file work_14.cif (mmCIF, C-alpha atoms and all ligand atoms)
data_target
loop_
_atom_site.label_atom_id
_atom_site.label_comp_id
_atom_site.auth_asym_id
_atom_site.auth_seq_id
_atom_site.Cartn_x
_atom_site.Cartn_y
_atom_site.Cartn_z
CA MET A 11 -23.31 -7.86 19.10
CA GLU A 12 -21.38 -4.85 20.37
CA GLU A 13 -21.76 -1.37 18.84
CA LYS A 14 -18.31 -0.66 17.45
CA GLY A 15 -16.80 1.73 14.98
CA LEU A 16 -15.70 0.65 11.54
CA LEU A 17 -12.02 0.21 10.72
CA ILE A 18 -11.50 1.67 7.24
CA VAL A 19 -8.25 0.80 5.49
CA LEU A 20 -7.20 2.69 2.38
CA SER A 21 -4.26 1.14 0.57
CA GLY A 22 -2.78 0.81 -2.91
CA PRO A 23 0.47 1.10 -4.84
CA SER A 24 3.03 3.83 -4.28
CA GLY A 25 2.14 7.02 -6.11
CA VAL A 26 -1.51 6.17 -6.78
CA GLY A 27 -2.61 9.09 -4.59
CA LYS A 28 -3.43 7.55 -1.18
CA GLY A 29 -2.02 10.52 0.75
CA THR A 30 -3.70 13.03 -1.56
CA VAL A 31 -7.10 11.33 -1.33
CA ARG A 32 -6.81 10.89 2.44
CA LYS A 33 -6.04 14.60 2.89
CA ALA A 34 -9.00 15.54 0.69
CA ILE A 35 -11.29 13.28 2.75
CA PHE A 36 -10.14 14.88 6.01
CA ASP A 37 -10.51 18.37 4.53
CA GLN A 38 -14.26 17.77 4.11
CA PRO A 39 -16.29 19.83 6.59
CA ASP A 40 -18.47 16.95 7.82
CA VAL A 41 -15.93 14.13 8.01
CA ASN A 42 -16.95 11.40 10.45
CA PHE A 43 -13.74 9.38 10.62
CA GLU A 44 -10.90 9.54 13.09
CA TYR A 45 -7.47 9.45 11.45
CA SER A 46 -4.98 7.07 13.01
CA ILE A 47 -1.61 8.82 13.08
CA SER A 48 1.16 6.40 12.15
CA ALA A 49 4.59 6.03 13.66
CA THR A 50 7.57 6.18 11.32
CA SER A 51 11.33 6.12 11.48
CA ARG A 52 11.61 8.42 8.46
CA LYS A 53 12.75 11.98 9.02
CA PRO A 54 10.07 14.71 9.00
CA ARG A 55 9.67 16.56 5.69
CA GLU A 56 9.47 20.32 5.70
CA GLY A 57 6.27 21.43 7.42
CA GLU A 58 5.49 18.01 8.96
CA VAL A 59 4.66 18.09 12.65
CA HIS A 60 5.23 15.34 15.23
CA GLY A 61 1.86 14.08 16.50
CA VAL A 62 -0.01 15.59 13.55
CA ASP A 63 1.47 14.02 10.42
CA TYR A 64 3.32 11.16 12.11
CA PHE A 65 4.86 10.17 15.41
CA PHE A 66 8.50 10.49 14.36
CA LYS A 67 10.75 7.87 16.00
CA SER A 68 14.33 6.73 15.76
CA ARG A 69 14.81 3.21 14.38
CA GLU A 70 15.62 2.03 17.92
CA GLN A 71 12.44 3.56 19.35
CA PHE A 72 10.44 1.99 16.53
CA GLU A 73 12.02 -1.43 17.15
CA ASP A 74 11.07 -1.09 20.84
CA MET A 75 7.46 -0.44 19.79
CA ILE A 76 7.53 -3.65 17.73
CA ALA A 77 9.06 -5.63 20.61
CA ASN A 78 6.45 -4.27 23.06
CA ASP A 79 3.54 -5.20 20.75
CA GLU A 80 2.48 -1.56 20.47
CA LEU A 81 1.70 -1.79 16.75
CA LEU A 82 -1.30 -3.24 14.96
CA GLU A 83 0.87 -3.66 11.86
CA HIS A 84 4.19 -2.44 10.60
CA ALA A 85 6.27 -2.57 7.45
CA GLU A 86 9.63 -1.45 6.20
CA TYR A 87 9.03 0.70 3.17
CA VAL A 88 11.78 2.33 1.08
CA GLY A 89 14.24 2.02 3.96
CA ASN A 90 12.01 3.34 6.76
CA TYR A 91 9.66 1.76 9.25
CA TYR A 92 5.96 2.66 9.26
CA GLY A 93 3.37 1.31 11.68
CA THR A 94 -0.05 1.81 13.25
CA PRO A 95 -0.16 2.30 17.04
CA ILE A 96 -2.69 -0.26 18.25
CA GLU A 97 -3.92 1.45 21.44
CA TYR A 98 -5.54 4.42 19.67
CA VAL A 99 -7.26 2.18 17.10
CA LYS A 100 -8.74 -0.14 19.75
CA LYS A 101 -9.86 2.67 22.05
CA THR A 102 -11.48 4.69 19.26
CA LEU A 103 -13.33 1.69 17.79
CA GLU A 104 -14.59 0.78 21.28
CA GLU A 105 -15.99 4.33 21.55
CA GLY A 106 -18.06 3.53 18.44
CA LYS A 107 -16.11 5.86 16.14
CA ASP A 108 -14.80 4.95 12.68
CA VAL A 109 -11.03 4.84 12.33
CA PHE A 110 -9.31 5.55 9.01
CA LEU A 111 -5.89 4.06 8.15
CA GLU A 112 -3.90 5.07 5.07
CA ILE A 113 -1.18 2.47 4.74
CA GLU A 114 0.83 0.56 2.15
CA VAL A 115 -0.16 -2.95 1.07
CA GLN A 116 2.08 -5.13 3.30
CA GLY A 117 0.57 -3.43 6.35
CA ALA A 118 -2.99 -3.71 5.00
CA LYS A 119 -2.50 -7.47 4.66
CA GLN A 120 -1.50 -7.71 8.34
CA VAL A 121 -4.55 -5.66 9.40
CA ARG A 122 -6.81 -7.96 7.34
CA ASP A 123 -5.53 -10.93 9.39
CA LYS A 124 -6.15 -9.18 12.73
CA PHE A 125 -9.33 -7.24 11.86
CA PRO A 126 -11.16 -9.34 9.25
CA ASP A 127 -14.27 -7.20 9.91
CA GLY A 128 -12.55 -4.06 8.65
CA LEU A 129 -13.48 -2.33 5.41
CA PHE A 130 -10.60 -2.67 2.95
CA ILE A 131 -10.44 -0.26 0.01
CA PHE A 132 -7.81 -0.51 -2.71
CA LEU A 133 -7.06 2.72 -4.51
CA ALA A 134 -6.22 1.89 -8.14
CA PRO A 135 -4.62 4.05 -10.85
CA PRO A 136 -6.47 4.63 -14.15
CA SER A 137 -3.50 2.86 -15.85
CA LEU A 138 0.10 1.82 -15.13
CA LYS A 139 1.28 4.60 -17.45
CA GLU A 140 -0.63 7.19 -15.38
CA LEU A 141 0.77 5.68 -12.17
CA GLU A 142 4.29 6.13 -13.52
CA ASN A 143 3.45 9.71 -14.57
CA ARG A 144 2.31 10.49 -11.03
CA ILE A 145 5.45 9.08 -9.41
CA VAL A 146 7.64 10.93 -11.93
CA THR A 147 5.68 14.21 -11.58
CA ARG A 148 5.85 14.09 -7.79
CA GLY A 149 9.61 14.39 -8.27
CA THR A 150 10.59 12.59 -5.05
CA GLU A 151 12.25 9.49 -6.55
CA THR A 152 15.39 8.65 -8.51
CA ASP A 153 15.04 6.76 -11.83
CA GLU A 154 16.10 3.55 -10.10
CA LEU A 155 13.49 3.98 -7.34
CA ILE A 156 10.81 4.71 -9.94
CA ARG A 157 11.65 1.41 -11.68
CA ASN A 158 11.54 -0.44 -8.33
CA ARG A 159 8.22 1.13 -7.37
CA MET A 160 6.68 0.29 -10.74
CA LYS A 161 7.83 -3.34 -10.34
CA ALA A 162 6.34 -3.41 -6.83
CA ALA A 163 3.15 -1.75 -8.12
CA ARG A 164 2.54 -4.60 -10.60
CA GLU A 165 2.72 -7.11 -7.71
CA GLU A 166 0.58 -4.88 -5.46
CA ILE A 167 -2.10 -4.52 -8.12
CA GLU A 168 -2.35 -8.32 -8.26
CA MET A 169 -3.39 -8.19 -4.59
CA MET A 170 -6.43 -6.00 -5.25
CA ASN A 171 -8.75 -9.02 -5.16
CA LEU A 172 -8.03 -9.35 -1.42
CA TYR A 173 -9.89 -6.05 -0.85
CA ASP A 174 -13.61 -5.42 -0.36
CA TYR A 175 -13.66 -2.55 -2.86
CA VAL A 176 -11.47 -1.14 -5.60
CA VAL A 177 -11.77 2.62 -6.14
CA GLU A 178 -10.20 4.19 -9.20
CA ASN A 179 -8.37 7.41 -8.44
CA ASP A 180 -9.07 9.12 -11.75
CA ARG A 181 -9.94 12.44 -10.11
CA VAL A 182 -9.37 13.10 -6.43
CA GLU A 183 -12.89 14.44 -5.78
CA HIS A 184 -14.47 11.42 -7.51
CA ALA A 185 -12.36 9.00 -5.46
CA CYS A 186 -13.44 10.81 -2.25
CA GLU A 187 -17.12 10.62 -3.22
CA ARG A 188 -16.81 6.90 -3.96
CA ILE A 189 -15.11 6.23 -0.63
CA ASN A 190 -17.75 8.22 1.27
CA ALA A 191 -20.51 6.28 -0.50
CA ILE A 192 -18.86 2.92 0.27
CA VAL A 193 -18.63 3.78 3.98
CA VAL A 194 -22.28 4.89 4.16
CA ALA A 195 -23.39 1.70 2.36
CA GLU A 196 -21.28 -0.45 4.67
CA HIS A 197 -22.87 1.14 7.76
CA LEU A 198 -26.36 0.49 6.37
CA ARG A 199 -25.45 -3.12 5.57
CA ARG A 200 -24.10 -3.68 9.08
CA GLU A 201 -27.21 -2.13 10.64
CA ARG A 202 -29.41 -4.52 8.64
CA VAL A 203 -27.32 -7.53 9.72
CA GLU A 204 -27.45 -6.36 13.35
CA LYS A 205 -31.25 -5.94 13.20
CA ARG A 206 -31.69 -9.44 11.78
CA TYR A 207 -29.39 -10.84 14.45
CA ARG A 208 -31.34 -9.11 17.24
CA LYS A 209 -34.62 -10.37 15.77
CA LEU A 210 -33.33 -13.94 15.75
CA LEU A 211 -32.25 -13.61 19.39
CA GLU A 212 -35.69 -12.19 20.33
CA GLU A 213 -37.43 -15.11 18.60
CA GLU A 214 -35.34 -17.58 20.58
CA LYS A 215 -36.50 -16.15 23.93
N1 LIG A 301 -6.42 11.85 -9.10
C1 LIG A 301 -5.20 12.35 -9.36
N2 LIG A 301 -4.92 12.87 -10.58
C2 LIG A 301 -3.69 13.35 -10.87
N3 LIG A 301 -2.65 13.37 -9.98
C3 LIG A 301 -2.87 12.86 -8.77
C4 LIG A 301 -4.15 12.32 -8.38
N4 LIG A 301 -4.06 11.88 -7.10
C5 LIG A 301 -2.80 12.12 -6.68
N5 LIG A 301 -2.09 12.72 -7.69
C6 LIG A 301 -0.66 13.10 -7.67
O1 LIG A 301 0.10 11.90 -7.71
C7 LIG A 301 1.30 12.02 -6.93
C8 LIG A 301 1.34 10.89 -5.88
O2 LIG A 301 0.31 11.09 -4.91
P1 LIG A 301 0.51 10.68 -3.38
O3 LIG A 301 1.84 11.15 -2.88
O4 LIG A 301 -0.72 11.10 -2.68
O5 LIG A 301 0.54 9.08 -3.55
P2 LIG A 301 0.71 7.92 -2.45
O6 LIG A 301 -0.10 6.77 -2.96
O7 LIG A 301 0.40 8.44 -1.10
O8 LIG A 301 2.25 7.62 -2.60
P3 LIG A 301 3.29 6.90 -1.56
O9 LIG A 301 2.69 5.58 -1.23
O10 LIG A 301 4.55 6.74 -2.39
O11 LIG A 301 3.45 7.83 -0.41
C9 LIG A 301 1.27 13.40 -6.31
O12 LIG A 301 2.06 14.27 -7.08
C10 LIG A 301 -0.22 13.81 -6.37
O13 LIG A 301 -0.39 15.21 -6.47
N1 LIG A 302 2.23 -0.16 6.65
C1 LIG A 302 2.10 1.15 6.88
N2 LIG A 302 2.27 2.04 5.89
C2 LIG A 302 2.11 3.34 6.17
C3 LIG A 302 1.76 3.79 7.45
N3 LIG A 302 1.69 5.15 7.43
C4 LIG A 302 1.96 5.52 6.17
N4 LIG A 302 2.20 4.44 5.41
C5 LIG A 302 2.52 4.38 3.99
O1 LIG A 302 3.91 4.61 3.84
C6 LIG A 302 4.14 5.10 2.51
C7 LIG A 302 5.12 6.25 2.53
O2 LIG A 302 4.59 7.32 3.24
P1 LIG A 302 5.32 8.76 3.19
O3 LIG A 302 4.57 9.61 4.18
O4 LIG A 302 6.74 8.55 3.56
O5 LIG A 302 5.16 9.22 1.75
C8 LIG A 302 2.76 5.50 1.95
O6 LIG A 302 2.39 4.47 1.04
C9 LIG A 302 1.86 5.46 3.15
O7 LIG A 302 0.55 5.07 2.78
C10 LIG A 302 1.58 2.82 8.47
O8 LIG A 302 1.28 3.10 9.64
N5 LIG A 302 1.76 1.54 8.13
#
call {"tool": "encode", "arguments": {"input": "work_14.cif", "output": "structure tokens", "more": "lines below"}}
Ligand SMILES: Nc1ncnc2c1ncn2[C@@H]1O[C@H](COP(=O)(O)OP(=O)(O)OP(=O)(O)O)[C@@H](O)[C@H]1O
Ligand SMILES: Nc1nc2c(ncn2[C@@H]2O[C@H](COP(=O)(O)O)[C@@H](O)[C@H]2O)c(=O)[nH]1
result
Amino acid sequence: MEEKGLLIVLSGPSGVGKGTVRKAIFDQPDVNFEYSISATSRKPREGEVHGVDYFFKSREQFEDMIANDELLEHAEYVGNYYGTPIEYVKKTLEEGKDVFLEIEVQGAKQVRDKFPDGLFIFLAPPSLKELENRIVTRGTETDELIRNRMKAAREEIEMMNLYDYVVENDRVEHACERINAIVVAEHLRRERVEKRYRKLLEEEK
């Protein structure tokens, strides 16, 4: 068995707080994960920096990345492409470091197929009403988009049983603590499995 990093995938419906929780996790002083910067065809928002927040691409450049198999997964989301560059993920895992992806649910499903050994965490809202409140309060969507996102959210929530863990995002700091605890527990579990596996191999000699 090779020593490899853990691929951690945080996903969930639009507006549940994935971006907020991810930022809080990476603001911790002793964070041990490497963040995989996504590529997107959406335009940078004020303050966003190429190579820090995203790799900003034109649609044509993004389609070339798809054609050249440069992406682990990709999805079209609210009219823009989003995808995970595969090279960085592979290289970092090979170095034994944990890689953290924050992606929407279509992409998470593709990663599950390619990396079944990953750790898949679904971030859930306390209620659908609170989810709607968060999307409305964020103030980035029209009424029609809010309705579409809420319809999509109901379907996305039905997919939560495909994940290893469901974490409720009631309060950001609680969600971060739960995610940290899940990752620590998963490392311990894998170490135990690895030890047992080595022992079995030793006994066979
Ligand atoms: N635990 C929380 N309690 C209250 N508000 C929250 C919480 N977490 C996030 N929010 C707020 O909810 C809104 C949506 O959060 P965020 O943009 O992080 O969601 P997202 O899941 O990344 O959305 P999208 O997938 O659409 O990008 C933001 O206004 C954010 O400040
Ligand atoms: N499938 C993927 N989804 C991604 C990726 N990077 C981000 N995202 C998700 O897109 C939406 C919108 O993001 P925003 O920055 O425009 O608000 C959000 O749900 C992100 O989680 C990716 O590489 N692949």
call {"tool": "axis_aligned_box", "arguments": {"input": "work_14.cif", "around": "ligand LIG 302 (chain A)", "padding_each_side": "5 Å", "output": "AutoDock Vina command-line options"}}
result
--center_x 3.6 --center_y 4.7 --center_z 5.3 --size_x 16.2 --size_y 19.8 --size_z 18.6
call {"tool": "residues_near_ligand", "arguments": {"input": "work_14.cif", "ligand": "ligand LIG 302 (chain A)", "cutoff": "8 Å", "atoms": "all atoms listed in the file", "output": "PyMOL selection string"}}
result
chain A and resi 21-25+28-29+47-50+52+64+83-88+91-95+111-118
call {"tool": "closest_residue", "arguments": {"input": "work_14.cif", "among": "A:Pro136, A:Gly57, A:Pro39, A:Gly89", "to": "ligand LIG 301 (chain A)", "atoms": "all atoms listed in the file"}}
result
A:Pro136
call {"tool": "residues_near_ligand", "arguments": {"input": "work_14.cif", "ligand": "ligand LIG 301 (chain A)", "cutoff": "9 Å", "atoms": "all atoms listed in the file", "output": "count of residues only"}}
result
38
call {"tool": "closest_residue", "arguments": {"input": "work_14.cif", "among": "A:Arg200, A:Ser137, A:Val176, A:Arg208", "to": "Met160 of chain A", "atoms": "all atoms listed in the file"}}
result
A:Ser137
call {"tool": "closest_residue", "arguments": {"input": "work_14.cif", "among": "A:Leu16, A:Ala34, A:Leu103, A:Ile192", "to": "Gly128 of chain A", "atoms": "all atoms listed in the file"}}
result
A:Leu16
call {"tool": "residues_near_point", "arguments": {"input": "work_14.cif", "point": "(-7.8, -9.3, 0.9)", "cutoff": "7 Å", "atoms": "only C-alpha atoms", "output": "list in words"}}
result
Lys119, Arg122, Asn171, Leu172 and Tyr173 of chain A
call {"tool": "atom_distance", "arguments": {"input": "work_14.cif", "atom1": "atom CA of Glu196 of chain A", "atom2": "atom CA of Ile18 of chain A"}}
result
10.3 Å
call {"tool": "closest_residue", "arguments": {"input": "work_14.cif", "among": "A:Val177, A:Ala195, A:Ile167, A:Leu17", "to": "Leu138 of chain A", "atoms": "only C-alpha atoms"}}
result
A:Ile167
call {"tool": "atom_distance", "arguments": {"input": "work_14.cif", "atom1": "atom CA of Ala163 of chain A", "atom2": "atom CA of Phe110 of chain A"}}
result
22.4 Å
call {"tool": "closest_residue", "arguments": {"input": "work_14.cif", "among": "A:Phe132, A:Thr102, A:Asp153, A:Ile189", "to": "Glu166 of chain A", "atoms": "only C-alpha atoms"}}
result
A:Phe132
call {"tool": "atom_distance", "arguments": {"input": "work_14.cif", "atom1": "atom CA of Asp40 of chain A", "atom2": "atom CA of Arg206 of chain A"}}
result
29.8 Å
call {"tool": "closest_residue", "arguments": {"input": "work_14.cif", "among": "A:Ser51, A:His60, A:Glu201, A:Asp74", "to": "Asn90 of chain A", "atoms": "all atoms listed in the file"}}
result
A:Ser51
